[in-house]
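Trainee: Below you'll find the structure I mean.
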Amino acid sequence: MSDPMSDVLRSVRLSGGVFLDVRLSEPFCLISELTAADCRPLLDEPVQLVFYHVVLKGRATVILPGEEPVEVGAGEVAILPHNDTHTVTSAPGLKPTIARSLVQPAPDGGLARIVYGGGGAETHMFCGFLGSTERRNPVLAMLPRLVTLDLRSAAAREWIESSVRFAAAELAEGRLASSGVMSRLSEVLLVEAVRQFAADAGPAGPGWLRGLADPQIGRALAAIHREPASAWTAEALAGIAGLSRSAFADRFAGLVGEPPIRYVTQWRLHLARQRLREGHSGIARIAHEVGYDSEEAFSRAFKRETGLSPARWRQGAGG
C-alpha cells in the first residue's frame with residue numbers, strides 16, 4: 001500500500017511485532033503494561049512504545065485512569081499510542097491481577113501466553129507493539145491515550161483480515177507467526193487507526209492529521225516526508241497537489257495551521273534533531289541530508305528554532 005498517511009507514518013521509523021497470546025474467560029480483570037523487554041528480540045531499546053490488543057473472539061473493556069471505559073469486541077483493536085498502563089476487564093469494578101504475573105513462556109520458543117479467568121464466556125486476543133527510537137515522535141504526540149479501530153471499516157480491511165487470520169491460525173497451532181508479517185500488520189493497524197481518528201475528529205482534529213486526510217494536501221505532505229532534502233517551493237508542492245499556487249497555499253495553511261514552506265523547515269529540523277541524537281553523523285553531513293546547502297545555513301536555521309547551535313544541542317542530549 002502507498003498513500004499519504006502510510007508514507008508519512010513510515011517516515012517516522014516505527015517497527016513492531018506481536019509478543020503475547022491472551023485467552024481469557026469471564027470474569028477477568030488484568031492490569032496490563034508493556035516494557036522494552038517485551039519487544040526483544042524484534043526491537044532493541046525503543047524510546048517510545050505503542051501497545052495494542054487485537055480482539056479475535058469475545059469482548060473486553062479497556063480502562064485508563066481518568067478516562068471513560070471503552071469496550072472492544074471481536075474484529076476491533078485497542079491501540080495505546082503512549083503506552084499507558086491500563087486495565088483489561090470483563091466488567092468495571094472487578095479486582096485486578098497484574099497480567100505480567102500470569103505470562104507463560106512458550107517451551108518451544110513460540111509466542112508467550114496468558115490463560116486466565118473464571119470459566120465463563122471466552123475472549124481471545126493477541127497483543128502487539130510498535131516502537132520508535134525517537135523521543136518526540138510527531139505522529140504519536142498528536143494521538144489521544146486510546147484509539148480504537150474497527151477492522152471492518154479499515155481501508156486495508158482485506159489485507160488486515162488475511163493477516164489476522166494467519167496470526168490466529170499460527171496461535172492455534174502454538175507457533176510464532178512470521179515476524180515480517182506481524183511487523184507489517186502492526187504498522188498497518190496504526191496507519192488505519194490514525195486514519196480513522198483523523199476522519200472521526202473532522203475539522204476539530206489536529207491540523208497535521210487534517211492535512212493528511214485531505215487527498216490533495218496529503219500528497220504534498222507525503223512528498224515532503226519522503227524527500228525532505230528536495231528544494232521544495234510552494235509552486236512545486238502545489239503541482240504535486242494538483243492545485244494553483246495560491247489555492248494550495250491557502251488550503252495547506254487552513255488545514256495544517258502553517259504555510260507549506262514553514263512546514264518543510266519544521267520537518268527538516270525534526271529530522272536533524274533525530275540524527276543529532278543518534279550521534280553517528282557529522283553536522284555538515286546532517287545539514288546536507290535534511291536539505292541545507294551549507295552547514296552555516298543549517299546552523300542558523302537550527303539556532304533560530306532551538307536557541308542552540310547543533311553542536312551544543314547534541315551535547316545536551318537532545319533536550
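Each chain in the C-alpha cells gets a letter, A, B and so on, in the order shown; residues start at 1 in every chain, and ligands are counted from 1 in the order they appear.
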Excluding Leu190 in chain A and any residue of its chain fewer than 4 positions from it, enumerate the residues within 8 Å of it, using only C-alpha atoms, and give them as a VMD selection string.
Mentor: chain A and resid 79 186 194
Trainee: Selected residues, all heavy atoms, written as a PDB file, in the first residue's frame, please.
Mentor:
```pdb
ATOM      1  N   ILE A  79      -5.673   0.525  20.655  1.00  0.00           N
ATOM      2  CA  ILE A  79      -4.286   0.972  20.491  1.00  0.00           C
ATOM      3  C   ILE A  79      -3.991   2.049  21.521  1.00  0.00           C
ATOM      4  O   ILE A  79      -4.753   3.009  21.677  1.00  0.00           O
ATOM      5  CB  ILE A  79      -4.053   1.514  19.071  1.00  0.00           C
ATOM      6  CG1 ILE A  79      -4.332   0.412  18.041  1.00  0.00           C
ATOM      7  CG2 ILE A  79      -2.622   2.038  18.912  1.00  0.00           C
ATOM      8  CD1 ILE A  79      -4.211   0.867  16.598  1.00  0.00           C
ATOM      9  N   SER A 186       1.414  -4.696  12.379  1.00  0.00           N
ATOM     10  CA  SER A 186       1.469  -3.664  13.417  1.00  0.00           C
ATOM     11  C   SER A 186       1.477  -2.270  12.792  1.00  0.00           C
ATOM     12  O   SER A 186       0.764  -1.373  13.243  1.00  0.00           O
ATOM     13  CB  SER A 186       2.726  -3.855  14.280  1.00  0.00           C
ATOM     14  OG  SER A 186       2.735  -5.116  14.899  1.00  0.00           O
ATOM     15  N   VAL A 194      -4.886   5.818  12.848  1.00  0.00           N
ATOM     16  CA  VAL A 194      -4.679   7.261  12.683  1.00  0.00           C
ATOM     17  C   VAL A 194      -5.634   7.807  11.634  1.00  0.00           C
ATOM     18  O   VAL A 194      -6.235   8.876  11.806  1.00  0.00           O
ATOM     19  CB  VAL A 194      -3.218   7.563  12.304  1.00  0.00           C
ATOM     20  CG1 VAL A 194      -3.043   9.036  11.961  1.00  0.00           C
ATOM     21  CG2 VAL A 194      -2.286   7.179  13.441  1.00  0.00           C
TER      22      VAL A 194
END
```
Trainee: Which neighbours of Leu49 in chain A fall inside 9 Å, counting only C-alpha atoms, when residues of the same chain fewer than 2 positions from it are skipped, and could you give them as a PyMOL selection string?
Mentor: chain A and resi 34-36+46-47+51+80-83+129-133
Trainee: Generate a file of the selected residues that holds C-alpha atoms, formatted as a compact mmCIF listing (two decimals), in the first residue's frame.
Mentor:
```txt
# COMPACT_ATOMS: atom_id res chain seq x y z
CA LEU A 34 4.36 -3.06 28.05
CA THR A 35 8.09 -2.76 28.61
CA ALA A 36 11.09 -2.69 26.29
CA PRO A 46 12.88 1.61 21.93
CA VAL A 47 12.39 5.04 23.50
CA PHE A 51 0.78 -1.10 22.82
CA LEU A 80 -2.47 2.84 23.27
CA PRO A 81 -0.19 5.33 21.46
CA HIS A 82 1.55 6.48 24.66
CA ASN A 83 1.83 3.03 26.25
CA PHE A 129 3.66 -3.34 19.84
CA LEU A 130 5.22 -0.64 17.73
CA GLY A 131 8.44 1.01 18.84
CA SER A 132 10.29 4.18 17.96
CA THR A 133 13.79 5.32 18.82
```
Trainee: Identify which of the residues A:Gly16, A:Gly66, A:Gly73, A:Pro27 lies closest to His124 in chain A, counting only C-alpha atoms when measuring atom-to-atom distances.
Mentor: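 Closest candidate: A:Gly73.
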Trainee: Pick out the closest residue to Ala247 in chain A from this set: A:Ile63, A:Ala234, A:Val188, A:Leu24. Count only C-alpha atoms.
Mentor: A:Ala234
Trainee: Excluding Thr85 in chain A and its own-chain neighbours fewer than 5 positions away, which residues fall within 8 Å of it when counting only C-alpha atoms? Please give them as a PyMOL selection string.
Mentor: chain A and resi 31-34+64
Trainee: List every residue of range 27-248 of chain A that DSSP, applied to the backbone of this structure, places in strand (DSSP E), and write the result as a count of residues only.
Mentor: 55
